Protein chains: 2
Amino acid sequence: MKLDELFALLRRRGVFWPSAEIYGGAQGLYDYGPAGTALKRRLEDAWCAWFLGLSDDYHRIEPAEIVPEAVVRASGHLENFTDPEVRCTKCGNAFRPDTLLERVRPEGVDGLTPEQIGALLTEAKARCPMCGSTELSVPRPFNLMFGLEFGVTGRERAYLLPETAQASYLAFHRMWDVGRHALPLGIAVVGHAYRNEIAPRQLLFRMRSFTQAELQIFFDPTQFDVPFPDVSAERLPVLRAAARLRGQSAPTEILASELAKEIPPFYVYHLAMSYRFFRDVLGHPATSIRLLEKSDTERAFYNKIQFDIEVHLESLGGFKELGAVHYRGDHDLRRHAEGSGQELQVTPQDRPKVLPHVLELTFGVDRNLWGLADRGLSTQDERTVWSIPTYLAPTVVAIFPLIEKHQGPTARALWNDLRQEGIGAAYDDRGTIGKRYARHDELGTPFCVTVDGTTLATEGPDAGTVTWRERETKAQSRLRPVELAPRLRAALAFPRPVVGSMPPATGPESL
Amino acid sequence: MKLDELFALLRRRGVFWPSAEIYGGAQGLYDYGPAGTALKRRLEDAWCAWFLGLSDDYHRIEPAEIVPEAVVRASGHLENFTDPEVRCTKCGNAFRPDTLLERVRPEGVDGLTPEQIGALLTEAKARCPMCGSTELSVPRPFNLMFGLEFGVTGRERAYLLPETAQASYLAFHRMWDVGRHALPLGIAVVGHAYRNEIAPRQLLFRMRSFTQAELQIFFDPTQFDVPFPDVSAERLPVLRAAARLRGQSAPTEILASELAKEIPPFYVYHLAMSYRFFRDVLGHPATSIRLLEKSDTERAFYNKIQFDIEVHLESLGGFKELGAVHYRGDHDLRRHAEGSGQELQVTPQDRPKVLPHVLELTFGVDRNLWGLADRGLSTQDERTVWSIPTYLAPTVVAIFPLIEKHQGPTARALWNDLRQEGIGAAYDDRGTIGKRYARHDELGTPFCVTVDGTTLATEGPDAGTVTWRERETKAQSRLRPVELAPRLRAALAFPRPVVGSMPPATGPESL
């Protein structure tokens with residue numbers, strides 16, 4: 001589906017809509033409705049089940065989303081968290097130069113100086129998209145953080161978190177004390193990050209408030225053992241930075257064991273596990289996933305290695321970044337040790353003191369929710385169906401009485417029993433059964449159960465059974481009500497990674 | 001336990017700690033660690049199971065937490081969301097007058113004018129708590145909202161949500177379209193609210209960023225049917241506003257059916273259901289709960305009826321507000337209809353057009369987390385135990401191998417099976433079994449399971465069983481591993497309200 005068509009459907013079905021819609025909306029802000037909220041939570045929980053499943057020493061925390069100025073000064077965000085901005089000197093509107101240069105320079109302006117960008121704008125005879133004027137200002141860096149006056153004295157300033165990662169770095173010291181004094185130690189956050197984007201766009205792709213799921217793994221760079229054999233035979237769809245420089249845009253399949261000859265095995269292992277999450281848990285076809293290596297000039301200076309995990313999305317006309325793996329070195333803890341004056345080196349059991357390095361696994365929750373809709377929703381023969389893995393669907397089962405006044409009480413009792421067992425069930429008695437199927441197909445509900453005359457019957461081979469109908473195949477069968485809960489519960493289980501099924505083939509990995 | 005003692009324990013065990021601790025903390029902000037995050041999520045989910053269980057037409061949404069200025073102008077927050085503030089003219093620090101007047105006026109200064117407060121400060125010879133000066137400014141209203149520059153032009157201003165409720169009012173219009181065009185319609189939000197408190201204090205009680213769980217019920221004031229017989233025999237511990245004026249502070253038990261002679265039945269029904277949540281779901285003893293009616297001068301002008309749900313907390317030395325029920329009339333939708341210029345009246349099936357009224361059920365998640373710790377954590381005979389309902393505990397079961405090298409693999413397999421079934425299990429192989437019991441008693445883990453020699457044995461009456469140990473009684477028994485999952489799953493089910501077990505005794509209630 002096209003972007004507008006898909007958004008119209010999702011808005012109509014209450015998945016999400018522009019925030020403060022009755023006031024004309026607020027650029028870059030969206031509200032999730034009931035179906036979107038349920039789906040977002042399933043997606044977050046699936047992410048946690050997978051990535052926290054990588055080690056017993058990975059934990060989830062829920063930090064505050066406001067930080068004092070000292071934190072973003074130390075992290076470098078106060079100085080460097082900027083996008084170049086260009087202003088129309090006639091109408092006063094502000095723009096991102098990359099959007100003004102989209103036609104002549106689709107690869108963007110990452111890594112260019114303001115002067116270089118200014119020269120490109122002049123050369124391209126760029127115009128203000130609002131008033132058409134060519135009188136554009138010289139590009140200047142615009143800081144994307146939202147600042148706040150904190151407290152009543154006017155002396156303190158604080159910022160909304162520009163990336164959830166910072167909260168994990170702040171928590172490392174305390175988490176070390178609470179935990180069992182071993183590395184690697186993982187700290188995961190599913191929370192909001194805030195960016196005052198110059199030009200929010202593409203709905204859930206460039207928002208001013210968005211949800212990130214991030215795992216920061218703190219490790220000793222001289223010893224990060226991973227069960228590499230678990231992934232060594234995985235074929236990764238990789239697009240290396242050097243290949244891109246040569247003009248290549250399609251990924252090349254490469255064995256993880258081969259890639260690990262050039263890139264540290266601990267990194268390749270986590271890249272492969274992230275790839276599996278997109279393919280095996282979210283269900284994106286391998287052919288629509290690309291692991292894109294960022295070059296020296298593209299990635300942040302502190303990132304030693306960065307691959308973005310991109311998925312091809314029809315509604316956005318190409319591959320889009322939905323996650324990434326960043327090897328950030330000791331940059332973060334070093335900066336915060338300096339900024340706070342605290343000792344952040346630790347002494348693991350039986351090992352020398354070390355300032356841990358960080359491997360960061362990131363995941364954009366909102367973008368990925370859109371990604372599931374883009375891939376899953378399609379219309380064929382007037383039937384619109386959202387194909388989505390059962391454990392991610394907003395509602396796993398819908399219960400229908402064939403006729404409310406006849407089977408209503410029995411259907412409601414069944415519905416209540418399922419909810420009591422913690423199974424997300426919906427109840428629907430509106431319209432024909434066909435219309436109800438259609439409604440739930442569109443929302444991705446994998447199973448529908450109809451309580452009908454046979455359910456209430458006391459005689460006959462199927463007496464007491466309900467109609468079970470599957471979204472993907474439209475196949476129907478009859479089940480005893482007692483079979484529903486176990487079957488649904490099994491279908492709701494999140495996939496977990498197979499970890500450490502074999503001992504590491506070699507000794508401790510080192511960088 | 002005392003406040004400091006309880007906080008020290010919770011911080012040490014990673015339940016929560018001051019945010020940005022390595023930078024000396026940020027006043028009024030806290031981070032939840034692994035145990036706190038798990039507990040907070042269980043608490044939120046228990047709230048949702050109970051309150052969304054009141055009707056099939058109550059739904060949860062997840063809105064953005066930033067709103068444009070027009071929203072808070074219409075809601076009145078821009079003008080009225082203030083606390084009186086007093087400044088020391090010597091040292092420049094700012095204070096809340098109620099804290100400076102705490103000794104002479106423990107009931108606070110709600111409803112007084114700045115002039116009246118100034119007179120009280122002079123009369124009490126109040127001094128600056130920081131420098132001791134008596135040169136305090138005249139009190140002035142200080143707006144508690146956090147403002148942001150929104151966008152790049154400097155022309156737009158936005159605010160962090162001062163109460164989650166506003167997001168539900170903004171969503172009403174869209175939710176009406178998405179839903180089945182019937183009243184009452186409930187919109188629940190579990191999310192952050194932000195207040196630039198003049199004096200954050202008492203840890204999770206007056207925070208600058210906190211989590212509210214709120215249900216806004218939109219209804220037709222001429223017809224809000226509730227299954228009142230479900231609650232009519234409930235004895236409510238009520239402290240009426242008139243009784244407080246006479247100096248009474250202890251609640252009086254009154255039958256819900258009696259209270260409903262003075263207060264609309266729909267209100268009493270929801271007050272009783274909220275009371276049951278605190279007593280039956282959170283497990284607070286009936287004797288430590290008080291339903292305190294706010295007087296005309298205490299409650300916001302738009303609140304027609306307000307009872308706070310207070311629980312006696314030892315660490316804070318008295319009854320504290322942990323929830324409330326507000327009958328807000330049509331104030332909210334009327335203001336937003338005016339502010340946005342949108343029609344917010346709706347036409348329910350078979351009913352005339354109406355501007356819905358709002359009944360608001362509020363719940364402070366952070367405060368209630370503290371409340372569970374305050375009531376549950378105690379030390380007796382050197383044994384510290386957190387007594388907490390099983391479905392709320394951060395971890396429902398801990399799996400121990402008696403000796404890691406002997407029973408480790410079997411214990412880990414069992415642990416993985418339980419996690420695969422979505423059961424929050426911990427694994428612990430550190431120290432003696434007694435120390436492990438002690439650790440999990442302190443974190444509220446209701447059940448511990450030890451895999452020991454008998455588990456691996458192939459002969460004998462108990463061969464293959466594990467040791468099952470209960471936190472509350474310290475009782476031990478032997479179970480077959482296959483019995484664990486069903487038993488734990490049943491223990492994890494959230495209580496749901498019994499709703500509509502009888503038809504309303506009378507016709508439609510009207511105000």
# chains A, B, ... in the order shown; residues from 1 in each chain; ligands from 1
$ select_by_dssp --residues "segment 290-388 of chain B" --states "strand (DSSP E or B)" --output "JSON, numbers by chain"
{"B": [290, 291, 292, 293, 305, 306, 307, 308, 309, 310, 311, 312, 313, 318, 319, 320, 321, 322, 323, 324, 325, 326, 327, 328, 329, 346, 354, 357, 358, 359, 360, 361, 362, 363, 364, 377, 378, 379, 380, 383, 384, 385, 386]}
$ closest_atom_pairs --of "chain A" --to "chain B" --cutoff "7 Å" --atoms "only C-alpha atoms" --output "tab-separated table"
residue	atom	partner	partner_atom	distance
A:Arg12	CA	B:Val178	CA	6.4
A:Arg13	CA	B:Val178	CA	6.1
A:Gly14	CA	B:Val178	CA	5.7
A:Ser19	CA	B:Ala64	CA	6.5
A:Ala20	CA	B:Leu170	CA	5.7
A:Ile22	CA	B:Ser340	CA	6.0
A:Tyr23	CA	B:Ser340	CA	5.2
A:Ala26	CA	B:Pro68	CA	6.5
A:Leu29	CA	B:Ala64	CA	6.1
A:Tyr30	CA	B:Ala64	CA	5.9
A:Asp31	CA	B:Pro63	CA	4.0
A:Tyr32	CA	B:Glu62	CA	4.9
A:Gly33	CA	B:Ile61	CA	4.7
A:Pro34	CA	B:Ile61	CA	5.1
A:Thr37	CA	B:Ile61	CA	5.6
A:His59	CA	B:Pro34	CA	6.0
A:Arg60	CA	B:Pro34	CA	5.4
A:Ile61	CA	B:Gly33	CA	4.7
A:Glu62	CA	B:Tyr32	CA	4.9
A:Pro63	CA	B:Asp31	CA	4.0
A:Ala64	CA	B:Asp31	CA	5.5
A:Val67	CA	B:Ala20	CA	6.9
A:Pro68	CA	B:Ala26	CA	6.5
A:Asn93	CA	B:Thr153	CA	6.5
A:Ala94	CA	B:Thr153	CA	6.5
A:Phe146	CA	B:Leu148	CA	6.4
A:Gly147	CA	B:Leu148	CA	6.6
A:Leu148	CA	B:Leu148	CA	6.3
A:Phe150	CA	B:Asn196	CA	6.6
A:Gly151	CA	B:Asn196	CA	5.9
A:Val152	CA	B:Ile198	CA	5.8
A:Thr153	CA	B:Ala94	CA	6.4
A:Leu170	CA	B:Ala20	CA	5.7
A:Val178	CA	B:Gly14	CA	5.7
A:Asn196	CA	B:Gly151	CA	5.9
A:Glu197	CA	B:Gly151	CA	6.9
A:Ile198	CA	B:Val152	CA	5.8
A:Ser340	CA	B:Tyr23	CA	5.2
A:Gln342	CA	B:Ile22	CA	6.5
A:Gln420	CA	B:Ala493	CA	6.6
A:Glu421	CA	B:Ala493	CA	6.3
A:Gly422	CA	B:Ala493	CA	6.7
A:Ala493	CA	B:Glu421	CA	6.3
$ closest_residue --among "A:Leu291, A:Leu78, A:Leu414, A:Ile263" --to "Ser249 of chain A" --atoms "only C-alpha atoms"
A:Leu291
$ atom_distance --atom1 "atom CA of Leu43 of chain B" --atom2 "atom CA of Phe277 of chain B"
11.3 Å
$ residues_around --residues "Asp429 of chain A" --least-positions-apart "5" --cutoff "8 Å" --atoms "only C-alpha atoms" --output "ChimeraX atom specification"
/A:400-404,436
$ write_last_selection --atoms "N, CA, C and O atoms" --output "CSV table (one decimal), in the first residue's frame"
chain,number,residue,atom,x,y,z
A,400,PHE,N,-17.3,-14.4,19.0
A,400,PHE,CA,-18.5,-14.0,18.4
A,400,PHE,C,-19.7,-14.9,18.9
A,400,PHE,O,-19.5,-16.1,18.8
A,401,PRO,N,-20.8,-14.3,19.3
A,401,PRO,CA,-22.0,-15.1,19.4
A,401,PRO,C,-22.6,-15.1,18.0
A,401,PRO,O,-22.6,-14.0,17.4
A,402,LEU,N,-23.1,-16.2,17.6
A,402,LEU,CA,-23.8,-16.2,16.2
A,402,LEU,C,-24.9,-15.2,16.3
A,402,LEU,O,-25.0,-14.3,15.4
A,403,ILE,N,-25.7,-15.3,17.3
A,403,ILE,CA,-26.8,-14.3,17.5
A,403,ILE,C,-26.8,-13.9,19.0
A,403,ILE,O,-26.8,-14.8,19.9
A,404,GLU,N,-26.6,-12.6,19.3
A,404,GLU,CA,-26.3,-12.2,20.6
A,404,GLU,C,-27.4,-12.7,21.6
A,404,GLU,O,-27.1,-13.2,22.7
A,436,ARG,N,-17.8,-9.5,10.6
A,436,ARG,CA,-16.9,-9.6,11.8
A,436,ARG,C,-15.6,-10.2,11.4
A,436,ARG,O,-14.6,-9.7,11.8
$ residues_around --residues "segment 464-477 of chain A" --least-positions-apart "3" --cutoff "8 Å" --atoms "only C-alpha atoms" --output "PyMOL selection string"
chain A and resi 385+387+441+444-452+454-458+480-481
$ write_last_selection --atoms "C-alpha atoms" --output "compact mmCIF listing (two decimals), in the first residue's frame"
# COMPACT_ATOMS: atom_id res chain seq x y z
CA VAL A 385 -5.88 -8.75 5.72
CA SER A 387 -0.73 -10.81 8.16
CA ASP A 441 -8.82 -9.66 9.33
CA GLY A 444 -4.65 -8.81 12.21
CA THR A 445 -6.62 -10.97 14.67
CA PRO A 446 -5.30 -14.45 13.87
CA PHE A 447 -8.24 -16.47 15.24
CA CYS A 448 -12.00 -16.01 15.48
CA VAL A 449 -14.26 -18.22 17.55
CA THR A 450 -18.01 -18.38 16.97
CA VAL A 451 -20.42 -19.68 19.58
CA ASP A 452 -23.36 -21.03 17.59
CA THR A 454 -24.09 -26.46 17.92
CA THR A 455 -22.25 -25.03 20.92
CA LEU A 456 -25.48 -24.99 22.89
CA ALA A 457 -26.65 -28.35 21.52
CA THR A 458 -26.63 -31.31 23.85
CA ARG A 480 -14.11 -27.94 22.31
CA PRO A 481 -13.98 -24.71 24.36
$ residues_around --residues "segment 107-119 of chain A" --least-positions-apart "3" --cutoff "9 Å" --atoms "only C-alpha atoms" --output "ChimeraX atom specification"
/A:84,86,97-99,101-102,122-124,137-141,297-299
$ write_last_selection --atoms "C-alpha atoms" --output "mmCIF file, in the first residue's frame"
data_model
loop_
_atom_site.group_PDB
_atom_site.id
_atom_site.type_symbol
_atom_site.label_atom_id
_atom_site.label_comp_id
_atom_site.auth_asym_id
_atom_site.auth_seq_id
_atom_site.Cartn_x
_atom_site.Cartn_y
_atom_site.Cartn_z
ATOM 1 C CA PRO A 84 22.112 21.647 9.791
ATOM 2 C CA VAL A 86 18.565 26.621 6.653
ATOM 3 C CA PRO A 97 19.166 21.155 3.685
ATOM 4 C CA ASP A 98 18.986 17.447 2.855
ATOM 5 C CA THR A 99 15.296 17.809 2.020
ATOM 6 C CA LEU A 101 18.746 18.884 -1.930
ATOM 7 C CA GLU A 102 16.795 15.623 -2.177
ATOM 8 C CA THR A 122 23.681 27.776 -4.170
ATOM 9 C CA GLU A 123 24.773 25.460 -6.955
ATOM 10 C CA ALA A 124 21.395 23.709 -6.995
ATOM 11 C CA SER A 137 20.445 31.663 4.981
ATOM 12 C CA VAL A 138 23.836 30.058 5.382
ATOM 13 C CA PRO A 139 23.303 26.636 7.035
ATOM 14 C CA ARG A 140 23.847 26.596 10.778
ATOM 15 C CA PRO A 141 23.876 23.766 13.288
ATOM 16 C CA THR A 297 32.375 9.665 7.634
ATOM 17 C CA GLU A 298 28.767 8.564 8.153
ATOM 18 C CA ARG A 299 28.916 7.151 11.639
#
$ select_by_dssp --residues "segment 58-211 of chain B" --states "helix (DSSP H, G or I)" --output "ChimeraX atom specification"
/B:69-75,77-80,97-100,114-123,165-178,203-205
$ residues_around --residues "Trp47 of chain B" --least-positions-apart "5" --cutoff "9 Å" --atoms "only C-alpha atoms" --output "list of chain:residue names"
B:Arg42, B:Leu52, B:Ala213, B:Phe277, B:Val281, B:Phe363, B:Phe494
$ write_last_selection --atoms "C-alpha atoms" --output "CSV table (one decimal), in the first residue's frame"
chain,number,residue,atom,x,y,z
B,42,ARG,CA,2.7,-5.7,37.2
B,52,LEU,CA,-10.8,-1.9,32.0
B,213,ALA,CA,-2.9,5.5,35.6
B,277,PHE,CA,-9.1,-2.3,44.1
B,281,VAL,CA,-6.2,-6.3,44.6
B,363,PHE,CA,-4.1,6.3,40.4
B,494,PHE,CA,-5.0,-10.5,38.1
$ closest_residue --among "B:Asp57, B:Asp308, B:Asp45, B:Glu293" --to "Leu361 of chain B" --atoms "only C-alpha atoms"
B:Asp308
$ atom_distance --atom1 "atom CA of Lys125 of chain A" --atom2 "atom CA of Cys91 of chain A"
17.4 Å
